[in-house]
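Trainee: mmCIF, C-alpha atoms and all ligand atoms, file upload-v1.cif:
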data_coords
loop_
_atom_site.label_atom_id
_atom_site.label_comp_id
_atom_site.auth_asym_id
_atom_site.auth_seq_id
_atom_site.Cartn_x
_atom_site.Cartn_y
_atom_site.Cartn_z
CA MET R 519 -114.36 94.43 28.61
CA ALA R 520 -113.34 97.85 30.00
CA SER R 521 -112.55 100.63 27.50
CA LYS R 522 -109.03 102.00 27.56
CA LEU R 523 -108.43 105.74 27.57
CA TYR R 524 -104.95 106.83 26.47
CA GLY R 525 -104.18 110.27 27.80
CA SER R 526 -102.17 112.70 29.84
CA ALA R 527 -103.03 114.12 33.27
CA ILE R 528 -101.96 117.61 32.19
CA SER R 529 -104.55 117.68 29.39
CA GLY R 530 -108.03 119.12 29.67
CA ASN R 531 -108.92 117.36 26.42
CA CYS R 532 -108.16 114.06 28.17
CA LEU R 533 -110.15 115.07 31.23
CA LYS R 534 -113.32 115.39 29.11
CA PRO R 535 -113.83 111.66 28.36
CA ALA R 536 -112.58 110.71 31.85
CA MET R 537 -115.29 112.96 33.36
CA LEU R 538 -118.00 111.34 31.26
CA LEU R 539 -116.82 107.75 31.85
CA GLU R 540 -116.95 108.41 35.61
CA ARG R 541 -120.34 110.10 35.44
CA LEU R 542 -121.70 107.13 33.46
CA GLY R 543 -120.32 104.73 36.06
CA ALA R 544 -118.43 102.90 33.27
CA GLU R 545 -115.49 100.57 33.80
CA TRP R 546 -112.43 102.02 32.12
CA GLU R 547 -108.69 101.79 32.17
CA TRP R 548 -106.37 104.80 32.07
CA VAL R 549 -103.21 104.42 29.97
CA ALA R 550 -100.84 107.32 30.71
CA VAL R 551 -99.02 108.80 27.71
CA ASP R 552 -96.09 111.14 28.45
CA ILE R 553 -96.86 113.82 25.88
CA LEU R 554 -94.04 116.10 27.07
CA ALA R 555 -91.61 113.30 26.21
CA GLY R 556 -93.15 113.03 22.71
CA GLU R 557 -94.89 109.70 23.30
CA ALA R 558 -98.00 110.79 21.34
CA ARG R 559 -95.87 111.52 18.25
CA THR R 560 -94.19 108.13 17.79
CA ALA R 561 -94.94 106.05 14.69
CA ASP R 562 -96.40 103.38 16.94
CA PHE R 563 -98.81 105.77 18.68
CA ARG R 564 -99.85 107.27 15.33
CA LEU R 565 -101.38 103.89 14.49
CA LYS R 566 -103.91 104.76 17.21
CA SER R 567 -104.02 108.52 16.59
CA PRO R 568 -102.77 109.52 13.12
CA HIS R 569 -102.41 113.19 14.14
CA GLY R 570 -100.23 112.19 17.11
CA ARG R 571 -102.43 113.53 19.90
CA VAL R 572 -104.28 112.32 22.98
CA PRO R 573 -106.93 111.48 24.10
CA VAL R 574 -107.61 108.21 22.30
CA LEU R 575 -110.36 105.80 23.33
CA GLU R 576 -110.03 102.07 22.66
CA PRO R 577 -113.63 100.91 23.17
CA ARG R 578 -112.86 97.44 21.81
CA PRO R 579 -109.44 95.82 21.47
CA GLY R 580 -107.72 97.20 18.39
CA VAL R 581 -110.34 99.90 17.61
CA PHE R 582 -109.19 103.47 18.24
CA LEU R 583 -111.07 106.76 18.43
CA PRO R 584 -109.07 110.01 18.82
CA GLU R 585 -110.50 113.57 19.25
CA SER R 586 -111.93 114.40 22.65
CA ASN R 587 -115.29 115.70 21.45
CA ALA R 588 -115.82 112.72 19.10
CA ILE R 589 -115.14 110.45 22.08
CA LEU R 590 -117.70 112.38 24.14
CA CYS R 591 -120.33 111.95 21.39
CA TYR R 592 -119.61 108.22 21.09
CA LEU R 593 -119.82 107.60 24.84
CA ALA R 594 -122.88 109.81 25.34
CA GLU R 595 -124.98 108.26 22.57
CA GLY R 596 -128.27 106.92 23.98
CA THR R 597 -127.85 108.74 27.30
CA PRO R 598 -129.20 112.10 28.52
CA TRP R 599 -125.68 113.52 28.09
CA LEU R 600 -126.47 113.83 24.34
CA PRO R 601 -130.15 114.64 23.79
CA ASP R 602 -132.20 112.70 21.20
CA ASP R 603 -134.06 115.79 20.01
CA ARG R 604 -132.54 116.90 16.71
CA LEU R 605 -132.31 120.57 17.56
CA ASP R 606 -131.02 120.04 21.12
CA ARG R 607 -128.39 117.70 19.71
CA ALA R 608 -127.30 120.30 17.20
CA GLN R 609 -127.10 122.87 20.02
CA VAL R 610 -124.79 120.52 21.94
CA LEU R 611 -122.59 120.16 18.86
CA ARG R 612 -122.64 123.91 18.26
CA TRP R 613 -121.11 124.56 21.71
CA MET R 614 -118.59 121.76 21.18
CA PHE R 615 -117.49 123.29 17.85
CA PHE R 616 -117.24 126.66 19.61
CA GLU R 617 -115.05 125.00 22.23
CA GLN R 618 -112.62 123.63 19.65
CA ASN R 619 -112.58 126.70 17.39
CA ASN R 620 -112.76 129.66 19.76
CA HIS R 621 -112.07 128.49 23.30
CA GLU R 622 -109.44 125.74 23.30
CA THR R 623 -107.37 127.65 20.73
CA SER R 624 -106.99 130.63 23.08
CA ILE R 625 -107.64 129.56 26.70
CA ALA R 626 -105.88 126.16 26.52
CA VAL R 627 -103.01 127.43 24.39
CA SER R 628 -102.39 130.32 26.85
CA ARG R 629 -102.23 127.80 29.69
CA ALA R 630 -99.80 125.61 27.75
CA LEU R 631 -97.60 128.65 27.05
CA CYS R 632 -97.66 129.83 30.68
CA ASN R 633 -96.88 126.32 31.93
CA GLY R 634 -94.15 125.86 29.30
CA TYR R 635 -95.67 122.60 28.01
CA TYR R 636 -94.80 122.80 24.34
CA ASP R 637 -92.82 125.92 23.76
CA ALA R 638 -90.09 125.81 26.36
CA ALA R 639 -87.78 126.74 23.49
CA LEU R 640 -89.64 130.02 22.78
CA ASP R 641 -87.78 133.05 24.03
CA PRO R 642 -89.66 135.01 26.74
CA GLU R 643 -90.53 137.91 24.41
CA GLU R 644 -92.00 135.62 21.80
CA ARG R 645 -94.00 133.86 24.50
CA GLN R 646 -95.33 137.20 25.80
CA GLU R 647 -96.25 138.28 22.29
CA ARG R 648 -98.17 135.06 21.65
CA LEU R 649 -99.95 135.47 25.00
CA ARG R 650 -100.86 139.04 24.09
CA GLN R 651 -102.34 137.83 20.79
CA LEU R 652 -104.42 135.16 22.53
CA ARG R 653 -105.79 137.45 25.23
CA GLY R 654 -108.54 139.08 23.11
CA PRO R 655 -109.87 135.81 21.65
CA GLY R 656 -109.77 134.16 25.11
CA LEU R 657 -111.72 136.99 26.74
CA ALA R 658 -114.21 136.95 23.85
CA ALA R 659 -114.82 133.22 24.39
CA LEU R 660 -115.35 133.75 28.13
CA LYS R 661 -117.77 136.63 27.44
CA THR R 662 -119.77 134.42 25.09
CA MET R 663 -119.99 131.75 27.81
CA GLU R 664 -120.91 134.36 30.43
CA SER R 665 -123.77 135.69 28.30
CA ARG R 666 -125.33 132.22 28.27
CA LEU R 667 -124.55 131.32 31.89
CA ARG R 668 -125.97 134.55 33.33
CA ARG R 669 -129.35 133.39 32.02
CA GLU R 670 -129.17 129.58 32.16
CA ASP R 671 -127.58 126.94 34.38
CA TRP R 672 -126.29 124.77 31.51
CA PHE R 673 -125.32 125.27 27.88
CA VAL R 674 -128.20 123.26 26.42
CA GLY R 675 -131.58 122.53 27.95
CA PRO R 676 -132.32 122.06 31.62
CA GLY R 677 -129.47 119.68 32.53
CA GLU R 678 -125.77 119.00 32.15
CA THR R 679 -124.68 117.64 28.74
CA ILE R 680 -121.40 116.86 27.04
CA ALA R 681 -121.32 120.50 25.88
CA ASP R 682 -120.74 121.44 29.54
CA LEU R 683 -118.02 118.81 29.95
CA ALA R 684 -116.25 119.95 26.77
CA LEU R 685 -116.25 123.58 27.92
CA TYR R 686 -115.40 122.81 31.54
CA ALA R 687 -112.13 121.08 30.61
CA TYR R 688 -110.09 124.22 29.97
CA THR R 689 -112.30 126.85 31.61
CA HIS R 690 -111.49 125.52 35.06
CA THR R 691 -107.76 125.96 34.33
CA ALA R 692 -108.17 129.38 32.65
CA GLY R 693 -106.35 131.06 35.56
CA GLU R 694 -103.19 129.10 34.70
CA GLY R 695 -103.21 130.92 31.37
CA GLY R 696 -103.64 134.35 32.96
CA PHE R 697 -107.44 134.65 32.60
CA ASP R 698 -109.01 135.95 35.79
CA LEU R 699 -112.55 134.61 36.16
CA ASP R 700 -113.57 137.19 38.80
CA SER R 701 -115.37 139.27 36.18
CA PHE R 702 -117.29 136.19 34.97
CA PRO R 703 -119.59 135.29 37.89
CA GLY R 704 -121.92 133.23 35.70
CA VAL R 705 -119.00 131.12 34.54
CA GLN R 706 -117.73 130.71 38.11
CA ALA R 707 -121.13 129.55 39.39
CA TRP R 708 -121.36 127.08 36.49
CA LEU R 709 -117.89 125.65 37.28
CA GLU R 710 -119.13 124.97 40.79
CA ARG R 711 -122.28 123.29 39.43
CA VAL R 712 -120.18 121.01 37.21
CA GLU R 713 -117.84 120.20 40.12
CA SER R 714 -120.77 119.36 42.41
CA HIS R 715 -121.56 116.18 40.44
CA PRO R 716 -121.11 113.29 42.89
CA ARG R 717 -118.79 111.44 40.50
CA HIS R 718 -116.73 114.46 39.44
CA ILE R 719 -113.11 113.64 38.58
CA ARG R 720 -110.18 116.09 38.40
CA LEU R 721 -106.88 116.15 36.49
CA ALA R 722 -105.05 115.30 39.74
CA ASP R 723 -107.18 112.14 40.05
CA LEU R 724 -105.85 110.98 36.68
CA LEU R 725 -102.30 111.10 38.06
CA ARG R 726 -103.29 108.59 40.72
CA ARG R 727 -105.02 106.08 38.43
N1 LIG G 801 -108.63 118.42 18.93
C1 LIG G 801 -107.94 117.45 19.72
C2 LIG G 801 -106.71 118.10 20.34
C3 LIG G 801 -105.83 117.07 21.02
C4 LIG G 801 -104.55 117.69 21.56
O1 LIG G 801 -104.14 118.79 21.19
N2 LIG G 801 -103.95 116.94 22.46
C5 LIG G 801 -102.72 117.38 23.09
C6 LIG G 801 -102.90 117.35 24.60
S1 LIG G 801 -104.17 118.47 25.09
C7 LIG G 801 -101.60 116.42 22.71
O2 LIG G 801 -101.82 115.25 22.52
N3 LIG G 801 -100.37 116.92 22.64
C8 LIG G 801 -99.24 116.07 22.39
C9 LIG G 801 -98.35 116.62 21.35
O3 LIG G 801 -98.67 117.67 20.78
O4 LIG G 801 -97.33 115.97 21.12
C10 LIG G 801 -108.87 116.88 20.80
O5 LIG G 801 -109.80 117.60 21.20
O6 LIG G 801 -108.69 115.74 21.23
#
Write out the structure in this file as structure tokens.

Mentor:
Amino acid sequence: MASKLYGSAISGNCLKPAMLLERLGAEWEWVAVDILAGEARTADFRLKSPHGRVPVLEPRPGVFLPESNAILCYLAEGTPWLPDDRLDRAQVLRWMFFEQNNHETSIAVSRALCNGYYDAALDPEERQERLRQLRGPGLAALKTMESRLRREDWFVGPGETIADLALYAYTHTAGEGGFDLDSFPGVQAWLERVESHPRHIRLADLLRR
């Protein structure tokens, strides 16, 4: 039976598992959740995702797994997308923790603020102030990525792993949050490498599913 992926087509976190499911050639069903209308926060949806967020994977009827990077680990198990070697595996996780702690919290939040996703009620000055505060951490995260990608094609080992998918999700929309990638040529070349996968899927493709 095909897995179900509950998610939103404006969310990079939801793009992560969709990218991997496509790359694995898996059968899966997309269930659109209107997060701007609060559909992830209802009591009913919290039975699937107690924290009231997407994505959520339903790999078997009635079994639910939230958290994008946990979903990536689950789907990638036993495939080259998550190496067997203990140290390589830990390196994959290290970049995925970096993504959640240092990257998503600045790059994705800046995009959400610029696009008015969650804080339409914020007055413009408050919004600008929050964007100013996020600028330094966002640039620091991009510099950290650049230092790796100037030397290597991928974050771990010789090929693409779920660490790349996790970091791609919001890096490719960094411009929407005011981060210009022109001064990060290593990051730009890596984005193109990720996008050159023959089964690459984009946020816009999720709208059409
Ligand atoms: N750490 C979580 C973050 C999930 C998250 O923040 N999801 C957002 C969309 S990107 C959401 O569901 N927002 C709906 C809401 O806040 O009501 C993950 O990686 O899955």

Trainee: Would you compute an axis-aligned box for ligand LIG 801 (chain G), covering every atom listed for it in the file with 8 Å of margin on each side, and report centre and edge lengths in Å to one decimal as JSON?

Mentor:
{"center_x": -103.6, "center_y": 117.0, "center_z": 22.0, "size_x": 28.5, "size_y": 19.5, "size_z": 22.2}

Trainee: Listing only residues of chain R within 9 Å of ligand LIG 801 (chain G), what is the closest atom pair and its distance in Å (to one decimal) for each, using all atoms listed in the file, sorted by chain and residue number ascending, as CSV?

Mentor:
residue,atom,partner,partner_atom,distance
R:Gly525,CA,G:LIG801,O2,7.6
R:Ser526,CA,G:LIG801,C6,7.0
R:Ile528,CA,G:LIG801,S1,7.5
R:Ser529,CA,G:LIG801,S1,4.4
R:Gly530,CA,G:LIG801,S1,6.0
R:Asn531,CA,G:LIG801,S1,5.1
R:Cys532,CA,G:LIG801,S1,6.7
R:Lys534,CA,G:LIG801,O5,8.9
R:Val551,CA,G:LIG801,O2,8.7
R:Asp552,CA,G:LIG801,C8,8.4
R:Ile553,CA,G:LIG801,C8,4.8
R:Leu554,CA,G:LIG801,O4,6.8
R:Ala555,CA,G:LIG801,O4,8.1
R:Gly556,CA,G:LIG801,O4,5.4
R:Glu557,CA,G:LIG801,O4,7.1
R:Ala558,CA,G:LIG801,O4,5.2
R:Arg559,CA,G:LIG801,O4,5.5
R:His569,CA,G:LIG801,C3,8.6
R:Gly570,CA,G:LIG801,O4,6.2
R:Arg571,CA,G:LIG801,O2,3.2
R:Val572,CA,G:LIG801,O2,3.9
R:Pro573,CA,G:LIG801,O6,5.4
R:Val574,CA,G:LIG801,O6,7.7
R:Pro584,CA,G:LIG801,O6,6.2
R:Glu585,CA,G:LIG801,O6,3.5
R:Ser586,CA,G:LIG801,O6,3.8
R:Asn587,CA,G:LIG801,O5,5.8
R:Ala588,CA,G:LIG801,O5,8.0
R:Ile589,CA,G:LIG801,O6,8.4
R:Gln618,CA,G:LIG801,N1,6.6
R:Glu622,CA,G:LIG801,O5,8.4
R:Ala626,CA,G:LIG801,S1,8.0
R:Ala630,CA,G:LIG801,S1,8.8
R:Tyr636,CA,G:LIG801,O3,7.3
R:Ala684,CA,G:LIG801,O5,8.8

Trainee: Compare R:Gln706, R:Asn620, R:Ser521, R:Thr560 by their minimum atom-to-atom distance to Ala658 in chain R, counting only C-alpha atoms, and give me the closest one.

Mentor: R:Asn620

Trainee: Given only C-alpha atoms as the basis, pick out the residue of R:Ile680, R:Leu565, R:Ala639, R:Met663 nearest to Cys591 in chain R.

Mentor: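 Result for the nearest residue to Cys591 in chain R: R:Ile680.
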
Trainee: I'd like the neighbourhood of Gln646 in chain R as a list in words, where a residue qualifies if any of its atoms comes within 10 Å (using all atoms listed in the file), though same-chain residues fewer than 6 positions away should be ignored.

Mentor: Ser628, Leu631, Cys632, Leu640 and Leu652 of chain R

Trainee: Here is a test: counting all atoms listed in the file, which residue of R:Gly543, R:Gly596, R:Pro579, R:Pro601 is nearest to Gly675 in chain R?

Mentor: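 Among the listed residues, R:Pro601 lies closest to Gly675 in chain R.
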
Trainee: Fewer than 5 positions away in the same chain doesn't count, so skip those; otherwise give me all residues within 7 Å of range 717-721 of chain R, counting only C-alpha atoms, as an mmCIF file with C-alpha atoms, in the coordinates of the input.

Mentor:
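Listed below is the output, selection-v7.cif:
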data_model
loop_
_atom_site.group_PDB
_atom_site.id
_atom_site.type_symbol
_atom_site.label_atom_id
_atom_site.label_comp_id
_atom_site.auth_asym_id
_atom_site.auth_seq_id
_atom_site.Cartn_x
_atom_site.Cartn_y
_atom_site.Cartn_z
ATOM 1 C CA ALA R 527 -103.030 114.120 33.270
ATOM 2 C CA ILE R 528 -101.960 117.610 32.190
ATOM 3 C CA LEU R 533 -110.150 115.070 31.230
ATOM 4 C CA MET R 537 -115.290 112.960 33.360
ATOM 5 C CA GLU R 540 -116.950 108.410 35.610
ATOM 6 C CA ARG R 541 -120.340 110.100 35.440
#

Trainee: Find, counting all atoms listed in the file, the residue in R:Tyr592, R:Trp672, R:Phe582, R:Phe697 that gets nearest to Leu709 in chain R.

Mentor: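 Nearest to Leu709 in chain R: R:Trp672.
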
Trainee: Kindly indicate which residue among R:Glu547, R:Asp700, R:Glu694, R:Glu576 lies nearest to Gly634 in chain R, using only C-alpha atoms for the distances.

Mentor: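 Counting only C-alpha atoms, the residue closest to Gly634 in chain R is R:Glu694.
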
Trainee: Using Å and a single decimal, report how far CA of Gly677 in chain R sits from CA of Leu611 in chain R.

Mentor: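 CA of Gly677 in chain R lies 15.3 Å from CA of Leu611 in chain R.
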
Trainee: Could you check how far CA of Ser714 in chain R sits from CA of Tyr686 in chain R, in Å to one decimal?

Mentor: 12.6 Å
